[in-house]
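Beneath this line is the structure, given in structure tokens, with notes to follow.
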Amino acid sequence: MKKHAGIKIGLAGLGTVGQGVWKHLRSRKSELEARMGTTFSLERAAVRSLEKKRSIRISKKALTDDAMSIANDPQVDVLCELMGGTGHAYEVTKAALNNGKTVVTANKALLCHHGDKLFRLAKKKDAHIYFEASVAGGIPIIKALREGLVVNHFPLIYGILNGTCNYILTRMEREGKAFDTILDDARKLGYVEADESLDLDGWDAAHKTVIISYLAHGKWIPLKKMPVEGIRDVTLEDIQWAQRLGFKIKLLSLILRDFKKGHLFASVQPALVPKDMVLANVDGVFNAISVTGDIVGESVYIGRGAGQDATASAVISDVVDAGTAIAHGIMPEEPKNRDDLKLAKPEEVYRSFYIRLAVKDKPGVLAEVASVLADEGVSIGTVLQRPNGKKGSANLVLTTHLCSEAAMQAAVRKLNRRKALLNKPFLLRIADFAQRLG
């Protein structure tokens, strides 16, 4: 990178986050310049509509409806990609990198789907990508992994990475209301993405998990090879059962690494978290991430995971880092791609489980269930049973000791064929963190 007398910044996207970035960069210009060790200027911003009214004051001369023109503008040093999506945003980002520009992005989906290609291109073109805002909004988890904890290896990372799901589960627990009722409120408050599956089916959290896996372990995990489940099937009854057992239910992102065997596992699934763990008490729209390093031990990061100011704060942090790097000729190092690192198979992942069953209320059913589990090497930890209000049926909840994912899935398939069961078994993981890779 060449040294610059002043950094010129362009924004591709001027929505909620983009306006926050423009506003705060302008209002705190002098102190940010002092931190960078150079001056900067806000040059241009690409928008979908030139006529739309905005909450910030910006010259019409600075606006364009052609984001590619900013990516190809030789005067622009730093492109903030805040468009969203994986189509045009990818083309604009690729063009900026081809031109040797530094890119700052908050686009987790873009990095999840195209990160490997984009980082390879950045290296080839002596460019760089900053992406703090792509994971957990205002929580500086990426800087923690890249800088503060750089000497550590990370056998365990887990966290709450979607505020919408956390908000819904929190209110279900506190108010005893059903999922659909709380979801309607979340929609009215603007907490749910236009594509609701991103939040409710776990894909938003999965995108972030892929990025953290790359940062911590140098491995881009294909989404199709990651177990991803959302919270649609979690009932008020599950939340109440969990409370009786001493847990709270959270949508949990999990990354496990076995350094001896070279295995890596990542998932996004609802899980029972013990009430005495820090993350169990992170509620509402907040995000939280626990990182265990082999040297530092466990550290936990908590904060707002979304919203204009939280995300804008993370974007501006990257802009300052980018400006400093350009001004002083610094090229940050990215994690090396670990193609040798293998994804763990289901028989190599060991966890404890929660199983909810609707069964016929008759003698011998519990023994039948226990026999099926025992045949697959699954040991029962606790059993709770009560009538469910339907004649001749009852609800049965079991927790298990540590067993492999493969063994549990085999047991669930066998249970599903038993006539004593009235519904398909419902399965949740237990985040007791005796879990491991075998």
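Ordering of the structure tokens sets the chain letters (A, B, ...), residue numbers begin anew at 1 in every chain, and ligands are numbered from 1 in the order given.
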Worksheet item: Mind checking DSSP for range 196-425 of chain A and telling me the strand (DSSP E) residues as number ranges by chain?
Response: A: 247-258, 263-274, 286-293, 297-304, 342-343, 349-360, 380-387, 393-400, 403-404
Worksheet item: So which residues touch Val103 in chain A within 12 Å, counting only C-alpha atoms, skipping near sequence neighbours fewer than 3 positions away, as a PyMOL selection string?
Response: chain A and resi 9-12+70-71+76-82+89-90+92-100+106-107+111+118-119+121-122+126-132+315+318-319+321-323+326
Worksheet entry | Neighbour list for Ala46 in chain A as JSON, numbers by chain, cut-off 6 Å, only C-alpha atoms, skip fewer than 2 positions in-chain | {"A": [12, 13, 63, 64, 65, 66, 67]}
Practice prompt. Extract, using only C-alpha atoms, all DNA, RNA and protein residues at most 10 Å from Lys362 in chain A, discarding same-chain residues fewer than 2 positions from it, and format them as number ranges by chain.
Written response: A: 359-360, 364-366, 392-394, 420
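Residues within 8 Å of Pro346 in chain A, counting only C-alpha atoms and excluding same-chain residues fewer than 5 positions away, are Ser404, Glu405 and Ala406 of chain A.
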Practice prompt. Considering only C-alpha atoms, state which residue in the set A:His153, A:His88, A:His113, A:His328 is at the smallest distance from Ile211 in chain A.
Written response: A:His113
Can you write out as CSV which residues of range 51-140 of chain A fall within 12 Å of range 284-307 of chain A, alongside each residue's closest atom pair and its distance in Å to one decimal, counting only C-alpha atoms and ordering rows by chain and ascending residue number?
residue,atom,partner,partner_atom,distance
A:Ala106,CA,A:Ala306,CA,10.7
A:Glu132,CA,A:Gly305,CA,11.6
A:Ala133,CA,A:Ala306,CA,9.1
A:Ser134,CA,A:Gly305,CA,9.8
A:Val135,CA,A:Gly305,CA,7.7
A:Ala136,CA,A:Gly305,CA,4.3
A:Gly137,CA,A:Gly305,CA,4.2
A:Gly138,CA,A:Arg304,CA,5.9
A:Ile139,CA,A:Gly303,CA,5.6
A:Pro140,CA,A:Tyr301,CA,8.0
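In terms of minimum interatomic distance to Ile316 in chain A, A:Arg28 ranks closest within A:Arg28, A:Lys275, A:Arg418, A:Arg413, counting only C-alpha atoms.
Using only C-alpha atoms, the nearest neighbour of Trp22 in chain A within the list A:Ala280, A:Leu223, A:Ile182, A:Ala62 is A:Ala62.
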Discussion item. For the structure I just gave you, how does DSSP split range 160-313 of chain A - specifically, which residues are alpha helix (DSSP H)? Reply as an MDAnalysis selection string.
Written reply: chainID A and resid 163:175 179:188 196:200 203:217 236:245 308:313
Item to complete: Please measure the separation of CA of Ala358 in chain A and CA of Leu421 in chain A, giving the value in Å to one decimal.
Response: 6.0 Å
Item to complete: List the neighbours of Ile430 in chain A out to 12 Å using only C-alpha atoms; skip same-chain residues closer than 3 positions along the sequence, and give me the result as a ChimeraX atom specification.
Response: /A:242,245-252,254,269-275,280,350-355,381,398-403,427,433-435
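Residues in contact with Gln19 in chain A at 10 Å, where only C-alpha atoms are counted and same-chain residues fewer than 5 positions away are skipped, are listed as A:Leu11, A:Gly13, A:Leu14, A:His24, A:Leu25, A:Ala45, A:Arg54, A:Ser55, A:Ile56, A:Arg57, A:Ile58, A:Leu82, A:Gln308, A:Asp309, A:Ala312.
Computed from the coordinates, the CA of Lys29 in chain A to CA of Ile142 in chain A distance equals 23.9 Å.
Separating CA of Lys391 in chain A from CA of Lys419 in chain A is a distance of 16.4 Å.
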